Amino acid sequence: MTDTYTPILESIYLEAEERLRKNGNAPVKPTGVPTEIVSHIDLVTDNVEDVRGINNVLVTSFLEKIAHPDQDIRLHQAKMANGYSGRGLDTQYVAPFLKSHHLKSMVESGWLTRSLEQDSPYTLEYRGAIRNRGIKTAFLEILDRIQNGKAEPRACLLYYFQKLILFREKEKVEIRPREGGSEPFIQEICHMLEEHFSRSSAYGKSKLPVIAVYSIYECLMDELKRFEGKKLLPLGHHTSADSRSEAIGDIQVNGENDEPFEGVEIKYGKPITHVLVEDAYEKIRKHPVSRYYILSTEEISAEELPKIRESIQAVATEHGCQVITNGLINSIKYYLRLIENPRKFLERYTANVLSDSELKIEHKEIWKGIMHG
C-alpha cells in the first residue's frame, strides 16, 4: 500500500524549518487560523512535555484532515459510524515520524493515554478525564474549529511543527567533556550519580538509575567475555508495563538465539521484597535466562531478607537462573570496577541523558551542573 501520509508530514516539516530559518528562529503566525486557535496551539506546545498524548492526537488529526478533507476527525475510532482509526495512523506514521525528527512524541500512540482512548467523539462535550482543564479546552476547540472549516489544518500543522522544533532546540543542553585526561575515581562518579538522582524532582526521574545501569552495560558489552555474541536491547519506554512491552526487565541482554540471556529490574524508592523476586520469575520462567538482577535505591528490610533468600533458592532449583538482589549504588560501584576506563561510562551516561526524549530539561540541566560544578 502506498504511504500517502509521510510525504505530507515531511513536506510540512521542511517548510516549518525553512520558515524558522528565514524568520530568525521565531515562529511565523499562520494565516487562515483564528487568533484564539493559535493561542490554543501555543498552550499545548509550550506544555508538550506533560501532554504528549494530546500532542500525538493533534498531529494525527491535522494529518488526517489534510489527507482526507471529508473525514470528521473527531470520530477517532474506526468502530464509530464514519470514523477512522486515529490510533492506527498514529502508531504507523505519526509517532515514528516525530521520533525520527526528535520531536516530542508518545512511544507508540497518543491513544494509549486513558483520557484519550474513550469511545466517544472529540466534541466540545467530550468527557475524557484530561486533568488540565485549559489544555482540554484548547485541544477540543482546535479540533472543533478545524472540523467546522474555521481553521485550515495545513496551516495549523505548519505552525505546530514550528513550535515543536523550537521546543526541541530549547531542550538541547550542551555538556562539555570533563577537563583533564586522568581517569575519574569510581567513588566520585557514584557521588555524582547519587546527586543527580536526588536533586532531580521532575516526573521521569526514576529513569535516571535505569539509564546509569544501561550505560554501564553499553561499556561492558565490548569488554566482558561473558557478553561475546550477545546483544543489548535498546532501552525501552520506562513507564510501559513490562507485560505490554514484552520485556523481562528494564534492561535486557539477548543470547545468540535472540532469547533473553540476562535481565535487570531497577526499583527507585521501592525496597526489594520476595514478591518482586516471584514477579521476576514469572517474566523469565519460559526463557533461558542465566542471571537476573533486582536493584533498588532502598535497603532490604530484615524481615524480608529470609523470604527473599527462600524465593531466590526456589527460582534456582526450578529454573536454574541466578537471581541477584542488591543496592543500586553498590552494584554500580562493582560494575564500574569492571570497566577498563570509567571515563567511558561518564561519556555514555551523558550522551544517553541528553538524547532521552522522556527526560525533562531539568534532568539535563542538573547533570550539566554536576559535570562542571
# chains A, B, ... in the order shown; residues from 1 in each chain; ligands from 1

$ residues_around --residues "A:Leu116" --least-positions-apart "4" --cutoff "8 Å" --atoms "only C-alpha atoms" --output "JSON, numbers by chain"
{"A": [53, 54, 110, 111, 112, 128, 130]}

$ closest_residue --among "A:Ser100, A:Gln71, A:Thr31, A:Ser105" --to "A:Leu58" --atoms "only C-alpha atoms"
A:Ser105

$ residues_around --residues "A:Leu9" --least-positions-apart "6" --cutoff "12 Å" --atoms "only C-alpha atoms" --output "ChimeraX atom specification"
/A:3,15-16,59-60,62-64,66-67,93-98,100-101,154,157-158,160-161

$ write_last_selection --atoms "N, CA and C atoms" --output "short mmCIF file (atom, residue, chain, number, x, y, z; two decimals), in the first residue's frame"
data_model
loop_
_atom_site.label_atom_id
_atom_site.label_comp_id
_atom_site.auth_asym_id
_atom_site.auth_seq_id
_atom_site.Cartn_x
_atom_site.Cartn_y
_atom_site.Cartn_z
N ASP A 3 2.28 4.79 0.85
CA ASP A 3 2.24 5.66 2.02
C ASP A 3 2.01 7.09 1.55
N GLU A 15 9.03 22.77 5.45
CA GLU A 15 8.56 24.15 5.32
C GLU A 15 8.63 24.86 6.67
N ALA A 16 8.32 24.14 7.75
CA ALA A 16 8.40 24.73 9.09
C ALA A 16 9.84 25.11 9.42
N VAL A 59 -1.45 16.07 16.09
CA VAL A 59 -0.71 15.93 14.84
C VAL A 59 -1.42 14.92 13.92
N THR A 60 -1.89 13.82 14.51
CA THR A 60 -2.61 12.81 13.73
C THR A 60 -3.89 13.39 13.14
N PHE A 62 -4.58 16.63 12.50
CA PHE A 62 -4.22 17.56 11.42
C PHE A 62 -3.93 16.78 10.14
N LEU A 63 -3.11 15.74 10.28
CA LEU A 63 -2.68 14.95 9.13
C LEU A 63 -3.87 14.30 8.42
N GLU A 64 -4.75 13.70 9.20
CA GLU A 64 -5.91 13.02 8.59
C GLU A 64 -6.80 14.01 7.85
N ILE A 66 -5.87 16.81 6.46
CA ILE A 66 -5.17 17.23 5.24
C ILE A 66 -5.30 16.16 4.16
N ALA A 67 -5.09 14.90 4.57
CA ALA A 67 -5.12 13.79 3.61
C ALA A 67 -6.53 13.47 3.13
N TYR A 93 2.45 5.91 11.41
CA TYR A 93 3.09 7.01 10.70
C TYR A 93 3.52 8.18 11.61
N VAL A 94 2.63 8.65 12.46
CA VAL A 94 2.90 9.89 13.19
C VAL A 94 3.99 9.72 14.25
N ALA A 95 3.80 8.76 15.16
CA ALA A 95 4.81 8.57 16.22
C ALA A 95 6.20 8.28 15.64
N PRO A 96 6.32 7.36 14.65
CA PRO A 96 7.66 7.14 14.06
C PRO A 96 8.24 8.41 13.44
N PHE A 97 7.41 9.21 12.78
CA PHE A 97 7.90 10.44 12.16
C PHE A 97 8.40 11.41 13.23
N LEU A 98 7.60 11.64 14.26
CA LEU A 98 8.00 12.57 15.31
C LEU A 98 9.30 12.13 15.97
N SER A 100 11.63 10.21 14.71
CA SER A 100 12.75 10.27 13.78
C SER A 100 13.33 11.67 13.69
N HIS A 101 12.51 12.68 13.98
CA HIS A 101 12.97 14.07 13.95
C HIS A 101 13.21 14.61 15.36
N ARG A 154 -3.71 22.47 7.38
CA ARG A 154 -2.29 22.51 6.99
C ARG A 154 -1.57 23.68 7.66
N LEU A 157 -0.90 22.70 11.25
CA LEU A 157 0.21 21.77 11.41
C LEU A 157 1.54 22.46 11.12
N LEU A 158 1.57 23.35 10.16
CA LEU A 158 2.79 24.08 9.84
C LEU A 158 3.25 24.91 11.04
N TYR A 160 2.28 24.39 14.16
CA TYR A 160 2.50 23.42 15.25
C TYR A 160 3.92 22.84 15.15
N PHE A 161 4.34 22.46 13.96
CA PHE A 161 5.69 21.92 13.77
C PHE A 161 6.76 22.96 14.12
#

$ atom_distance --atom1 "atom CA of A:Gln92" --atom2 "atom CA of A:Pro7"
13.6 Å

$ closest_residue --among "A:Trp367, A:Phe167, A:Tyr122, A:Phe185" --to "A:Gly86" --atoms "only C-alpha atoms"
A:Tyr122

$ residues_around --residues "A:Thr350" --least-positions-apart "4" --cutoff "12 Å" --atoms "only C-alpha atoms" --output "number ranges by chain"
A: 173-178, 189, 192-193, 196, 208, 211-212, 214-216, 343-346, 354-356, 363-371

$ atom_distance --atom1 "atom CA of A:His372" --atom2 "atom CA of A:His191"
13.9 Å

$ residues_around --residues "A:Glu169" --least-positions-apart "4" --cutoff "12 Å" --atoms "only C-alpha atoms" --output "ChimeraX atom specification"
/A:17,20,25,101-104,162-165,173-174,361

$ write_last_selection --atoms "N, CA and C atoms" --output "compact mmCIF listing (two decimals), in the first residue's frame"
# COMPACT_ATOMS: atom_id res chain seq x y z
N GLU A 17 10.78 24.23 9.10
CA GLU A 17 12.20 24.55 9.32
C GLU A 17 12.62 25.78 8.52
N LEU A 20 11.27 29.04 10.04
CA LEU A 20 12.03 29.43 11.22
C LEU A 20 13.38 30.03 10.83
N ASN A 25 14.44 32.20 13.74
CA ASN A 25 14.01 31.23 14.75
C ASN A 25 12.83 31.73 15.58
N HIS A 101 12.51 12.68 13.98
CA HIS A 101 12.97 14.07 13.95
C HIS A 101 13.21 14.61 15.36
N HIS A 102 13.21 13.72 16.33
CA HIS A 102 13.49 14.08 17.73
C HIS A 102 12.52 15.13 18.25
N LEU A 103 11.28 15.04 17.80
CA LEU A 103 10.22 15.89 18.32
C LEU A 103 9.48 15.11 19.40
N LYS A 104 8.84 15.82 20.31
CA LYS A 104 8.14 15.16 21.40
C LYS A 104 7.06 14.22 20.86
N GLN A 162 6.52 24.21 13.78
CA GLN A 162 7.48 25.26 14.15
C GLN A 162 7.66 25.30 15.67
N LYS A 163 6.57 25.20 16.39
CA LYS A 163 6.64 25.25 17.85
C LYS A 163 7.34 24.01 18.42
N LEU A 164 7.08 22.84 17.82
CA LEU A 164 7.75 21.62 18.29
C LEU A 164 9.25 21.68 18.01
N ILE A 165 9.63 22.22 16.87
CA ILE A 165 11.05 22.35 16.54
C ILE A 165 11.73 23.28 17.54
N VAL A 173 20.77 20.59 25.73
CA VAL A 173 21.66 21.09 26.77
C VAL A 173 23.07 20.64 26.44
N GLU A 174 23.93 21.57 26.15
CA GLU A 174 25.30 21.22 25.81
C GLU A 174 26.09 20.92 27.08
N ILE A 361 13.93 18.83 30.67
CA ILE A 361 15.08 19.74 30.62
C ILE A 361 15.76 19.80 31.98

$ select_by_dssp --residues "stretch 48-281 of chain A" --states "helix (DSSP H, G or I)" --output "tab-separated table (two decimals) with C-alpha atoms, in the first residue's frame"
chain	number	residue	atom	x	y	z
A	48	VAL	CA	4.19	19.39	25.36
A	49	GLU	CA	6.40	17.52	27.84
A	50	ASP	CA	3.34	16.95	30.01
A	52	ARG	CA	2.46	14.03	24.82
A	53	GLY	CA	-0.72	12.04	24.26
A	54	ILE	CA	-2.63	15.13	23.17
A	55	ASN	CA	0.38	16.14	21.08
A	56	ASN	CA	0.23	12.91	19.07
A	57	VAL	CA	-3.53	13.05	18.72
A	58	LEU	CA	-3.44	16.62	17.40
A	59	VAL	CA	-0.71	15.93	14.84
A	60	THR	CA	-2.61	12.81	13.73
A	61	SER	CA	-5.86	14.78	13.46
A	62	PHE	CA	-4.22	17.56	11.42
A	63	LEU	CA	-2.68	14.95	9.13
A	64	GLU	CA	-5.91	13.02	8.59
A	65	LYS	CA	-7.83	16.18	7.76
A	66	ILE	CA	-5.17	17.23	5.24
A	67	ALA	CA	-5.12	13.79	3.61
A	86	GLY	CA	-6.57	7.52	14.78
A	87	ARG	CA	-4.53	5.12	16.86
A	88	GLY	CA	-3.52	3.09	13.81
A	89	LEU	CA	-2.48	6.20	11.90
A	90	ASP	CA	-0.50	7.47	14.88
A	91	THR	CA	1.25	4.17	15.52
A	92	GLN	CA	2.17	3.53	11.89
A	93	TYR	CA	3.09	7.01	10.70
A	94	VAL	CA	2.90	9.89	13.19
A	95	ALA	CA	4.81	8.57	16.22
A	96	PRO	CA	7.66	7.14	14.06
A	97	PHE	CA	7.90	10.44	12.16
A	98	LEU	CA	8.00	12.57	15.31
A	99	LYS	CA	10.61	10.32	16.92
A	100	SER	CA	12.75	10.27	13.78
A	110	GLY	CA	-1.33	9.08	22.00
A	111	TRP	CA	-4.40	6.84	22.11
A	112	LEU	CA	-2.72	4.71	24.78
A	114	ARG	CA	-6.57	6.63	29.14
A	115	SER	CA	-8.10	10.09	28.96
A	116	LEU	CA	-7.93	9.99	25.14
A	133	ARG	CA	-8.90	21.97	32.01
A	134	GLY	CA	-7.16	24.67	29.99
A	135	ILE	CA	-5.38	22.08	27.87
A	136	LYS	CA	-8.59	20.10	27.46
A	137	THR	CA	-10.45	23.19	26.24
A	138	ALA	CA	-7.63	24.06	23.85
A	139	PHE	CA	-7.46	20.52	22.46
A	140	LEU	CA	-11.19	20.21	21.82
A	141	GLU	CA	-11.62	23.71	20.41
A	142	ILE	CA	-8.75	23.20	17.95
A	143	LEU	CA	-10.45	20.08	16.60
A	144	ASP	CA	-13.86	21.76	16.59
A	145	ARG	CA	-12.65	24.76	14.57
A	146	ILE	CA	-10.80	22.59	12.05
A	147	GLN	CA	-13.76	20.27	11.59
A	153	PRO	CA	-5.49	22.15	9.02
A	154	ARG	CA	-2.29	22.51	6.99
A	155	ALA	CA	-1.66	25.99	8.39
A	156	CYS	CA	-2.26	24.63	11.89
A	157	LEU	CA	0.21	21.77	11.41
A	158	LEU	CA	2.79	24.08	9.84
A	159	TYR	CA	2.67	26.38	12.87
A	160	TYR	CA	2.50	23.42	15.25
A	161	PHE	CA	5.69	21.92	13.77
A	162	GLN	CA	7.48	25.26	14.15
A	163	LYS	CA	6.64	25.25	17.85
A	164	LEU	CA	7.75	21.62	18.29
A	165	ILE	CA	11.05	22.35	16.54
A	166	LEU	CA	11.68	25.34	18.83
A	167	PHE	CA	10.87	23.20	21.87
A	168	ARG	CA	13.35	20.58	20.66
A	169	GLU	CA	16.08	23.19	20.26
A	170	LYS	CA	15.35	24.70	23.67
A	171	GLU	CA	15.65	21.27	25.23
A	186	ILE	CA	34.78	5.43	40.88
A	187	GLN	CA	33.70	6.90	44.21
A	188	GLU	CA	33.48	10.33	42.59
A	189	ILE	CA	31.27	9.00	39.79
A	190	CYS	CA	28.94	7.34	42.31
A	191	HIS	CA	28.62	10.60	44.25
A	192	MET	CA	27.78	12.41	41.01
A	193	LEU	CA	25.08	9.87	40.17
A	194	GLU	CA	23.59	9.98	43.67
A	195	GLU	CA	23.44	13.76	43.44
A	196	HIS	CA	21.76	13.57	40.05
A	197	PHE	CA	19.16	11.09	41.30
A	198	SER	CA	18.39	13.05	44.48
A	199	ARG	CA	18.32	16.59	43.05
A	207	LYS	CA	14.52	6.55	34.67
A	208	LEU	CA	17.88	8.05	35.66
A	209	PRO	CA	19.11	4.92	37.54
A	210	VAL	CA	17.97	2.79	34.60
A	211	ILE	CA	20.00	4.94	32.21
A	212	ALA	CA	23.01	4.68	34.54
A	213	VAL	CA	22.98	0.87	34.61
A	214	TYR	CA	22.20	0.71	30.88
A	215	SER	CA	25.22	2.94	30.18
A	216	ILE	CA	27.40	0.53	32.16
A	217	TYR	CA	26.10	-2.38	30.10
A	218	GLU	CA	26.96	-0.47	26.91
A	219	CYS	CA	30.56	-0.37	28.14
A	220	LEU	CA	30.66	-3.96	29.37
A	225	LYS	CA	33.88	-12.28	27.56
A	226	ARG	CA	30.51	-13.19	29.09
A	227	PHE	CA	28.80	-10.95	26.56
A	242	ASP	CA	6.90	-4.99	31.04
A	243	SER	CA	3.94	-7.16	30.14
A	244	ARG	CA	2.96	-4.66	27.45
A	245	SER	CA	6.49	-4.22	26.11
A	274	HIS	CA	10.20	-11.64	47.97
A	275	VAL	CA	7.13	-10.72	45.90
A	276	LEU	CA	9.38	-8.85	43.45
A	277	VAL	CA	11.54	-11.96	43.12
A	278	GLU	CA	8.46	-14.06	42.42
A	279	ASP	CA	7.20	-11.49	39.89
A	280	ALA	CA	10.58	-11.61	38.17
A	281	TYR	CA	10.35	-15.39	37.91

$ select_by_dssp --residues "stretch 219-332 of chain A" --states "strand (DSSP E or B)" --output "list in words"
Lys231, Leu232, Ile251, Gln252, Val253, Asn254, Pro260, Phe261, Glu262, Gly263, Val264, Glu265, Ile266, Lys267, Arg291, Tyr292, Tyr293, Ile294, Leu295, Ser296, Gln322, Val323, Ile324, Thr325, Asn326 and Gly327 of chain A

$ residues_around --residues "stretch 303-320 of chain A" --least-positions-apart "2" --cutoff "6 Å" --atoms "only C-alpha atoms" --output "PDB file with N, CA and C atoms, in the first residue's frame"
ATOM      1  N   THR A 273      11.429  -6.966  47.717  1.00  0.00           N
ATOM      2  CA  THR A 273      10.704  -7.928  48.538  1.00  0.00           C
ATOM      3  C   THR A 273      10.705  -9.291  47.841  1.00  0.00           C
ATOM      4  N   HIS A 274      10.287 -10.305  48.578  1.00  0.00           N
ATOM      5  CA  HIS A 274      10.205 -11.639  47.968  1.00  0.00           C
ATOM      6  C   HIS A 274       9.160 -11.670  46.857  1.00  0.00           C
ATOM      7  N   SER A 301      14.595  -4.837  54.027  1.00  0.00           N
ATOM      8  CA  SER A 301      14.265  -4.933  55.452  1.00  0.00           C
ATOM      9  C   SER A 301      14.723  -6.287  56.005  1.00  0.00           C
ATOM     10  N   GLN A 322      20.195 -17.499  38.235  1.00  0.00           N
ATOM     11  CA  GLN A 322      20.678 -16.832  39.434  1.00  0.00           C
ATOM     12  C   GLN A 322      19.982 -15.479  39.555  1.00  0.00           C
ATOM     13  N   VAL A 323      19.195 -15.304  40.603  1.00  0.00           N
ATOM     14  CA  VAL A 323      18.583 -14.007  40.877  1.00  0.00           C
ATOM     15  C   VAL A 323      19.458 -13.300  41.903  1.00  0.00           C
TER      16      VAL A 323
END

$ residues_around --residues "A:Ile248" --least-positions-apart "5" --cutoff "9 Å" --atoms "only C-alpha atoms" --output "count of residues only"
10
